[in-house]
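The data block below is work_4.txt; it holds compact mmCIF, C-alpha atoms and all ligand atoms.
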# COMPACT_ATOMS: atom_id res chain seq x y z
CA MET A 774 -124.66 87.79 -69.03
CA LEU A 775 -124.18 85.04 -66.48
CA LEU A 776 -125.05 85.56 -62.85
CA PRO A 777 -123.73 83.38 -60.01
CA ALA A 778 -126.17 81.14 -58.20
CA PRO A 779 -127.59 82.73 -55.04
CA GLU A 780 -125.73 82.14 -51.83
CA VAL A 781 -127.88 81.55 -48.76
CA LEU A 782 -126.76 83.36 -45.65
CA ALA A 783 -128.21 81.15 -42.97
CA PRO A 784 -128.52 82.53 -39.45
CA ASP A 785 -125.06 82.71 -37.91
CA PRO A 786 -124.45 84.20 -34.47
CA SER A 787 -120.90 85.18 -35.46
CA GLU A 788 -122.04 86.82 -38.75
CA GLN A 789 -118.62 86.15 -40.34
CA ARG A 790 -119.95 85.99 -43.89
CA LEU A 791 -122.03 89.17 -43.64
CA ALA A 792 -119.02 90.90 -42.06
CA THR A 793 -116.90 89.91 -45.07
CA ILE A 794 -119.54 91.13 -47.51
CA TYR A 795 -119.80 94.48 -45.72
CA ALA A 796 -116.13 94.96 -44.77
CA PRO A 797 -115.28 98.67 -45.15
CA PRO A 798 -112.86 98.95 -48.09
CA ALA A 799 -110.62 101.54 -46.43
CA ARG A 800 -109.61 102.78 -42.98
CA ARG A 801 -111.26 106.09 -43.84
CA HIS A 802 -114.69 105.36 -45.17
CA VAL A 803 -118.09 106.99 -44.72
CA ARG A 804 -121.03 104.64 -44.98
CA VAL A 805 -124.66 105.63 -44.55
CA ASN A 806 -127.31 103.11 -43.52
CA MET A 807 -130.97 104.00 -44.11
CA VAL A 808 -134.29 102.25 -44.59
CA SER A 809 -137.13 103.21 -46.91
CA SER A 810 -140.57 101.81 -47.60
CA VAL A 811 -141.34 100.70 -51.16
CA ASP A 812 -143.09 104.06 -51.75
CA GLY A 813 -140.16 106.07 -50.43
CA GLY A 814 -141.17 106.76 -46.82
CA ALA A 815 -138.36 107.08 -44.26
CA TRP A 816 -140.54 106.26 -41.27
CA GLY A 817 -143.83 104.62 -40.38
CA ASP A 818 -146.98 105.61 -38.49
CA ASP A 819 -145.18 106.24 -35.23
CA GLY A 820 -142.68 108.70 -36.75
CA ARG A 821 -139.78 106.28 -36.37
CA SER A 822 -137.81 104.23 -38.86
CA GLY A 823 -137.90 101.33 -36.39
CA SER A 824 -141.49 100.66 -37.43
CA ILE A 825 -140.62 99.92 -41.09
CA ASN A 826 -137.68 97.57 -40.66
CA ASP A 827 -137.59 93.88 -39.92
CA GLU A 828 -135.28 91.08 -38.80
CA ALA A 829 -133.25 90.95 -42.04
CA ASP A 830 -132.58 94.69 -41.78
CA TRP A 831 -131.74 94.27 -38.09
CA ARG A 832 -129.17 91.61 -38.94
CA VAL A 833 -127.31 93.88 -41.33
CA PHE A 834 -127.80 96.92 -39.04
CA ARG A 835 -125.95 95.07 -36.25
CA VAL A 836 -123.12 93.95 -38.54
CA LEU A 837 -122.64 97.49 -39.87
CA ARG A 838 -122.38 98.78 -36.29
CA ALA A 839 -119.95 96.01 -35.43
CA LEU A 840 -117.65 97.04 -38.29
CA ALA A 841 -117.61 100.80 -37.62
CA ASP A 842 -115.43 102.98 -35.41
CA VAL A 843 -118.17 105.54 -34.84
CA VAL A 844 -121.89 105.96 -35.46
CA LEU A 845 -122.62 109.47 -36.71
CA VAL A 846 -126.20 110.62 -36.22
CA GLY A 847 -128.18 113.85 -36.39
CA ALA A 848 -129.49 115.13 -33.09
CA GLY A 849 -133.05 114.96 -34.47
CA THR A 850 -132.76 111.22 -35.02
CA ALA A 851 -131.12 110.71 -31.64
CA ARG A 852 -134.10 112.50 -30.09
CA ALA A 853 -136.80 110.77 -32.22
CA GLU A 854 -135.34 107.29 -31.81
CA ALA A 855 -134.19 107.80 -28.18
CA TYR A 856 -130.59 106.84 -28.90
CA THR A 857 -128.65 105.60 -25.90
CA ALA A 858 -124.89 105.33 -25.39
CA LEU A 859 -123.46 102.71 -27.75
CA ASP A 860 -121.39 99.61 -27.51
CA ARG A 861 -120.58 96.94 -30.06
CA PRO A 862 -123.66 94.80 -30.73
CA ARG A 863 -123.86 91.88 -28.36
CA GLY A 864 -122.03 88.81 -29.69
CA LEU A 865 -120.28 90.72 -32.50
CA ALA A 866 -117.41 92.33 -30.59
CA HIS A 867 -114.98 89.96 -32.37
CA LEU A 868 -115.59 91.71 -35.72
CA ALA A 869 -113.60 94.87 -34.91
CA PRO A 870 -111.26 95.99 -32.14
CA GLY A 871 -111.97 98.76 -29.67
CA PRO A 872 -115.16 100.48 -28.58
CA LEU A 873 -117.92 101.77 -30.82
CA GLU A 874 -118.25 105.53 -30.40
CA LEU A 875 -121.29 107.71 -30.95
CA ALA A 876 -121.02 111.17 -32.52
CA LEU A 877 -123.98 113.56 -32.66
CA VAL A 878 -124.34 116.37 -35.18
CA THR A 879 -126.15 119.38 -33.80
CA ARG A 880 -126.20 123.04 -34.66
CA SER A 881 -127.96 123.99 -31.42
CA GLY A 882 -125.73 121.91 -29.16
CA ARG A 883 -128.83 120.34 -27.56
CA VAL A 884 -127.72 116.83 -26.59
CA PRO A 885 -130.56 114.44 -25.69
CA GLY A 886 -130.31 113.13 -22.14
CA THR A 887 -130.73 109.51 -23.28
CA VAL A 888 -127.18 109.40 -24.72
CA LEU A 889 -125.53 110.71 -21.57
CA ASP A 890 -126.15 107.68 -19.40
CA GLY A 891 -123.72 104.93 -20.43
CA PRO A 892 -120.16 103.67 -20.45
CA ARG A 893 -118.93 106.52 -22.70
CA LEU A 894 -120.17 110.01 -23.43
CA PRO A 895 -120.86 110.77 -27.09
CA TRP A 896 -118.78 113.03 -29.28
CA VAL A 897 -120.58 116.13 -30.47
CA LEU A 898 -119.91 117.82 -33.83
CA THR A 899 -121.21 121.35 -33.74
CA GLY A 900 -120.52 124.92 -34.83
CA SER A 901 -119.92 128.04 -32.82
CA THR A 902 -123.65 128.38 -31.98
CA GLY A 903 -123.81 125.05 -30.20
CA ALA A 904 -120.32 124.81 -28.72
CA GLU A 905 -121.15 126.08 -25.25
CA ALA A 906 -124.30 123.99 -24.75
CA ALA A 907 -122.55 120.88 -26.09
CA ALA A 908 -119.55 121.32 -23.81
CA ALA A 909 -121.90 121.76 -20.83
CA ALA A 910 -123.51 118.40 -21.69
CA VAL A 911 -120.51 116.20 -22.56
CA GLY A 912 -117.39 118.19 -21.60
CA ALA A 913 -115.24 120.25 -23.95
CA ASP A 914 -112.90 117.33 -24.70
CA ARG A 915 -115.73 115.43 -26.45
CA VAL A 916 -116.85 118.40 -28.56
CA VAL A 917 -115.54 119.03 -32.08
CA VAL A 918 -116.27 122.61 -33.10
CA ALA A 919 -116.21 122.91 -36.88
CA ASP A 920 -117.91 126.10 -37.96
CA ASP A 921 -118.51 127.25 -41.50
CA ASP A 922 -120.20 130.63 -41.39
CA GLY A 923 -122.80 129.56 -38.83
CA THR A 924 -123.34 126.02 -40.14
CA VAL A 925 -121.52 122.88 -39.05
CA ASP A 926 -118.59 122.06 -41.34
CA LEU A 927 -119.13 118.32 -41.63
CA ALA A 928 -116.06 117.70 -43.80
CA ALA A 929 -113.90 119.16 -41.04
CA GLY A 930 -115.89 117.28 -38.42
CA VAL A 931 -115.49 113.91 -40.15
CA ALA A 932 -111.77 114.60 -40.63
CA ALA A 933 -111.45 115.43 -36.93
CA LEU A 934 -113.06 112.10 -36.01
CA ALA A 935 -110.60 110.26 -38.29
CA GLU A 936 -107.67 112.03 -36.63
CA ARG A 937 -108.95 110.64 -33.33
CA GLY A 938 -108.95 107.08 -34.70
CA MET A 939 -112.56 107.03 -35.93
CA GLY A 940 -112.04 106.71 -39.67
CA ARG A 941 -114.74 104.12 -40.35
CA VAL A 942 -117.90 106.18 -40.02
CA LEU A 943 -121.38 104.69 -40.04
CA CYS A 944 -123.94 107.47 -40.50
CA GLU A 945 -127.45 106.44 -39.43
CA GLY A 946 -129.18 109.59 -40.68
CA GLY A 947 -131.48 111.25 -40.37
CA PRO A 948 -132.75 112.88 -43.53
CA HIS A 949 -131.42 116.38 -42.77
CA LEU A 950 -127.98 115.10 -41.92
CA LEU A 951 -127.98 112.90 -45.04
CA ALA A 952 -128.94 115.91 -47.18
CA THR A 953 -125.89 117.78 -45.94
CA MET A 954 -123.56 114.80 -46.17
CA LEU A 955 -124.60 114.01 -49.75
CA GLY A 956 -124.55 117.65 -50.80
CA ALA A 957 -121.03 118.03 -49.44
CA GLY A 958 -119.87 114.88 -51.25
CA LEU A 959 -118.92 113.15 -47.99
CA VAL A 960 -120.65 109.80 -48.51
CA ASP A 961 -118.67 106.88 -49.93
CA GLU A 962 -121.43 104.29 -49.68
CA LEU A 963 -125.16 104.11 -49.06
CA CYS A 964 -126.58 100.95 -47.56
CA LEU A 965 -130.29 101.19 -48.30
CA THR A 966 -132.89 98.76 -47.07
CA THR A 967 -136.17 98.69 -48.95
CA ALA A 968 -138.86 97.48 -46.59
CA PRO A 969 -141.80 95.62 -48.19
CA GLN A 970 -144.40 98.13 -47.02
CA LEU A 971 -146.21 101.17 -48.38
CA VAL A 972 -146.77 104.04 -45.97
CA GLY A 973 -148.36 106.70 -48.16
CA ALA A 974 -147.46 110.32 -48.66
CA GLY A 975 -147.08 111.47 -45.03
CA PRO A 976 -143.55 110.49 -44.03
CA GLY A 977 -140.50 112.25 -45.46
CA ARG A 978 -137.89 110.66 -47.69
CA ILE A 979 -134.46 109.51 -46.55
CA VAL A 980 -133.05 112.82 -47.86
CA ALA A 981 -134.72 115.94 -46.44
CA ASP A 982 -136.06 118.72 -48.61
CA GLY A 983 -133.65 121.51 -47.77
CA GLN A 984 -135.71 123.29 -45.13
CA GLN A 985 -132.80 123.58 -42.69
CA ASP A 986 -129.79 125.77 -43.30
CA GLY A 987 -127.29 122.88 -43.32
CA ASP A 988 -129.10 120.98 -46.10
CA LEU A 989 -127.43 121.02 -49.49
CA PRO A 990 -128.85 119.86 -52.83
CA VAL A 991 -127.10 117.09 -54.75
CA ARG A 992 -126.13 118.93 -57.92
CA PRO A 993 -125.52 117.61 -60.46
CA PRO A 994 -127.35 114.34 -59.73
CA ARG A 995 -124.78 111.72 -58.76
CA PRO A 996 -124.79 108.18 -60.17
CA ALA A 997 -124.66 105.27 -57.74
CA ARG A 998 -123.25 101.85 -58.55
CA LEU A 999 -124.91 98.77 -57.10
CA ALA A 1000 -122.18 96.88 -55.23
CA HIS A 1001 -124.53 94.16 -54.02
CA LEU A 1002 -128.14 93.35 -53.35
CA LEU A 1003 -129.34 90.92 -50.73
CA ALA A 1004 -132.92 89.68 -50.73
CA ALA A 1005 -134.71 88.24 -47.73
CA PRO A 1006 -137.66 85.85 -47.95
CA SER A 1007 -139.76 88.58 -46.31
CA GLY A 1008 -139.29 90.70 -49.44
CA THR A 1009 -136.84 93.07 -47.76
CA LEU A 1010 -134.07 94.18 -50.14
CA LEU A 1011 -130.70 95.22 -48.76
CA ALA A 1012 -128.67 97.18 -51.29
CA ARG A 1013 -125.18 98.52 -50.99
CA TRP A 1014 -124.67 101.52 -53.27
CA ASP A 1015 -121.11 102.59 -54.01
CA LEU A 1016 -121.05 106.34 -54.57
CA ARG A 1017 -117.36 106.45 -55.51
CA HIS A 1018 -117.59 103.72 -58.14
CA ARG A 1019 -114.78 101.68 -56.64
CA ALA A 1020 -116.69 98.41 -56.61
CA ALA A 1021 -117.03 96.34 -59.75
CA ALA A 1022 -120.45 96.89 -61.29
CA GLY A 1023 -122.66 93.90 -60.83
CA TRP A 1024 -125.47 92.29 -59.03
CA ALA A 1025 -124.79 89.56 -56.50
CA PRO A 1026 -128.05 87.77 -55.83
CA THR A 1027 -127.70 86.60 -52.27
CA THR A 1028 -130.55 85.51 -50.08
CA THR A 1029 -130.45 86.32 -46.40
CA VAL A 1030 -132.44 84.12 -44.11
CA PRO A 1031 -133.23 85.94 -40.89
N1 LIG B 1101 -135.38 105.80 -42.66
C1 LIG B 1101 -134.25 105.89 -42.03
O1 LIG B 1101 -133.32 105.13 -42.31
C2 LIG B 1101 -134.10 106.91 -40.96
C3 LIG B 1101 -132.84 107.12 -40.37
C4 LIG B 1101 -132.72 108.08 -39.37
C5 LIG B 1101 -133.83 108.80 -38.98
N2 LIG B 1101 -135.02 108.55 -39.54
C6 LIG B 1101 -136.22 109.32 -39.13
O2 LIG B 1101 -136.05 110.67 -39.50
C7 LIG B 1101 -136.78 111.49 -38.59
C8 LIG B 1101 -135.89 112.61 -38.12
O3 LIG B 1101 -135.55 113.38 -39.25
P1 LIG B 1101 -134.52 114.60 -39.21
O4 LIG B 1101 -134.24 114.99 -40.60
O5 LIG B 1101 -135.04 115.61 -38.25
O6 LIG B 1101 -133.24 113.89 -38.60
P2 LIG B 1101 -131.79 114.44 -38.36
O7 LIG B 1101 -131.13 114.89 -39.60
O8 LIG B 1101 -131.12 113.39 -37.55
O9 LIG B 1101 -132.03 115.65 -37.37
C9 LIG B 1101 -132.07 116.99 -37.68
C10 LIG B 1101 -131.36 117.69 -36.54
O10 LIG B 1101 -130.03 117.16 -36.42
C11 LIG B 1101 -129.08 118.21 -36.42
N3 LIG B 1101 -128.49 118.27 -37.74
C12 LIG B 1101 -128.74 117.47 -38.82
N4 LIG B 1101 -127.97 117.82 -39.85
C13 LIG B 1101 -127.21 118.85 -39.43
C14 LIG B 1101 -126.24 119.66 -40.04
N5 LIG B 1101 -125.87 119.47 -41.31
N6 LIG B 1101 -125.69 120.65 -39.32
C15 LIG B 1101 -126.04 120.85 -38.05
N7 LIG B 1101 -126.98 120.13 -37.40
C16 LIG B 1101 -127.55 119.14 -38.10
C17 LIG B 1101 -129.87 119.45 -36.07
O11 LIG B 1101 -130.00 119.38 -34.64
P3 LIG B 1101 -130.25 120.65 -33.70
O12 LIG B 1101 -131.70 120.94 -33.84
O13 LIG B 1101 -129.88 120.15 -32.34
O14 LIG B 1101 -129.38 121.75 -34.19
C18 LIG B 1101 -131.20 119.18 -36.76
O15 LIG B 1101 -132.28 119.90 -36.22
C19 LIG B 1101 -137.27 110.59 -37.49
O16 LIG B 1101 -138.61 110.27 -37.76
C20 LIG B 1101 -136.43 109.34 -37.64
O17 LIG B 1101 -137.09 108.19 -37.21
C21 LIG B 1101 -135.19 107.66 -40.54

Could you write out this file's structure as structure tokens?
Ligand SMILES: NC(=O)c1ccc[n+]([C@@H]2O[C@H](COP(=O)([O-])OP(=O)(O)OC[C@H]3O[C@@H](n4cnc5c(N)ncnc54)[C@H](OP(=O)(O)O)[C@@H]3O)[C@@H](O)[C@H]2O)c1
Amino acid sequence: MLLPAPEVLAPDPSEQRLATIYAPPARRHVRVNMVSSVDGGAWGDDGRSGSINDEADWRVFRVLRALADVVLVGAGTARAEAYTALDRPRGLAHLAPGPLELALVTRSGRVPGTVLDGPRLPWVLTGSTGAEAAAAAVGADRVVVADDDGTVDLAAGVAALAERGMGRVLCEGGPHLLATMLGAGLVDELCLTTAPQLVGAGPGRIVADGQQDGDLPVRPPRPARLAHLLAAPSGTLLARWDLRHRAAAGWAPTTTVP
């Protein structure tokens, strides 16, 4: 086995090389981006994932947003992380045309106020339970009602986004939404950052434990193929896991320098 010599991704305001490495392989593509501590925690002491990531993760996080049509996020994460209305990351608008949309998944239809104050209202994917509250918050034309016997039909919701020109989906969690997305077989790719920290047994994992009615187990266990692994001098590891096995198997040792 011969491995190529590491490539160093020096800081680059235009992020052209990272954008090439992370280019979505298809116009319809669902990518998830999550961060975990070394011992599997999905958040730190303050209950937010923002406290376990670092500059290397931030660099890739921004590029992934710059390459997407829409950021899909659970309402719980939008509330915990105080999501605001989105735009393309500053300085990276050249990486993809058009605006970056935000789409919230909520059964209740409770839309956090922080996302309502910006250049564009978010889209809301909900079921029949949340339709009225969601429409009151963002207007019926931004609500996708996809109901499956009282739960949100995410396959239909993701398809509805694609029909509206939002085929490149970047899902930023959280753990309950990821449980449903994985269980329903909707995820093409998982970008997983391993942060060089241990946080102990308190925080949950990046996939929730099935306590909410939308959560689905991954059965049978699904193999993931490592499409690439970037390593930062801080110890942060940035892996791209291909869940459809389209990428050639391999390990590309690339060092990011934040
Ligand atoms: N490590 C990471 O990469 C990462 C990423 C994101 C979040 N987080 C952390 O995760 C924590 C939040 O966890 P969480 O599991 O509560 O997040 P979550 O999945 O974003 O939020 C759960 C809420 O989102 C809605 N939701 C999620 N999946 C749904 C589905 N399939 N159908 C209908 N509604 C759905 C529901 O909202 P309603 O209650 O409105 O119905 C549900 O109560 C925070 O601490 C956050 O910082 C970590």

Rounded to one decimal, what separation in Å do you get between atom CA of Trp1014 of chain A and atom CA of Arg992 of chain A?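 We find that atom CA of Trp1014 of chain A and atom CA of Arg992 of chain A lie 18.1 Å from each other.
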
Please indicate the distance in Å from atom CA of Met939 of chain A to atom CA of Ala796 of chain A, rounded to one decimal place. 15.4 Å

Grab me every residue within 6 Å of ligand LIG 1101 (chain B), counting only C-alpha atoms and all ligand atoms, and send it over as a ChimeraX atom specification. /A:807-809,815-816,820-822,846-850,853-854,878-883,924-925,945-950,953,979,981,987-988

Write out as AutoDock Vina command-line options an axis-aligned box for segment 860-878 of chain A: all of its atoms listed in the file, 6 Å added on each side, centre and edge lengths in Å with one decimal.
--center_x -117.8 --center_y 102.6 --center_z -31.6 --size_x 25.1 --size_y 39.6 --size_z 20.2

Neighbours of Leu1011 of chain A within 7 Å (all atoms listed in the file; same-chain residues fewer than 3 positions away dropped), as a PyMOL selection string? chain A and resi 965-967+1002-1004

Which of A:Ser901, A:Asn806, A:Thr887, A:Ser1007 sits closest to Leu845 of chain A [using all atoms listed in the file]: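 Between A:Ser901, A:Asn806, A:Thr887, A:Ser1007, the residue approaching Leu845 of chain A most closely is A:Asn806.
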
Within 6 Å of Cys964 of chain A using only C-alpha atoms, minus same-chain residues under 3 positions, as a list in words: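 Near neighbours after the sequence-gap exclusion: Val805, Asn806, Ala1012 and Arg1013 of chain A.
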
Quick one, how far is atom CA of Arg995 of chain A from atom CA of Gly940 of chain A?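 According to the coordinates, atom CA of Arg995 of chain A and atom CA of Gly940 of chain A are separated by 23.5 Å.
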
Closest of A:His1018, A:Pro870, A:Arg937, A:Thr902 to Asp914 of chain A, counting only C-alpha atoms, is A:Arg937

Could you produce a table of the residues of segment 834-876 of chain A lying within 10 Å of segment 930-934 of chain A, with the nearest pair of atoms per residue and their separation in Å rounded to one decimal, using only C-alpha atoms, ordered by chain and increasing residue number, as a tab-separated table?
residue	atom	partner	partner_atom	distance
A:Asp842	CA	A:Leu934	CA	9.4
A:Val843	CA	A:Leu934	CA	8.4
A:Leu845	CA	A:Val931	CA	9.1
A:Ala876	CA	A:Leu934	CA	8.7

Counting only C-alpha atoms, the residue of A:Leu971, A:Leu963, A:Val781, A:Leu943 that sits nearest Ala839 of chain A: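 Of the candidates, the smallest distance to Ala839 of chain A is held by A:Leu943.
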
Counting all atoms listed in the file, which of A:Pro996, A:Pro1006, A:Pro786, A:Pro885 gets nearest to Gly864 of chain A?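 Selected residue with least distance to Gly864 of chain A: A:Pro786.
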
Give me, as a list in words, all polymer residues having an atom no more than 7 Å from Val803 of chain A, counting all atoms listed in the file and skipping those fewer than 5 positions away in the same chain.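 After dropping sequence-adjacent residues, the list is Arg941, Val942, Leu943, Val960, Asp961 and Glu962 of chain A.
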
Given the choices A:Gly983, A:Pro993, A:Pro797, A:Pro777, which gets closest to Leu868 of chain A if the distance is worked out from all atoms listed in the file?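 Of the candidates, the smallest distance to Leu868 of chain A is held by A:Pro797.
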
Between A:Ala910, A:Val844, A:Leu877, A:Val917, which residue has the minimum interatomic distance to Arg861 of chain A, considering only C-alpha atoms?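 Going through A:Ala910, A:Val844, A:Leu877, A:Val917 one by one, the smallest distance to Arg861 of chain A is for A:Val844.
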
Would you mind listing what lies within 12 Å of Gly817 of chain A as a list in words, with only C-alpha atoms counted and same-chain residues fewer than 3 positions away left out?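 The residues that qualify are Val808, Ser809, Ser810, Val811, Asp812, Gly813, Gly814, Gly820, Arg821, Ser822, Gly823, Ser824, Ile825, Asn826, Ala968, Gln970, Leu971, Val972, Gly973, Ala974, Gly975, Pro976, Gly977 and Arg978 of chain A.
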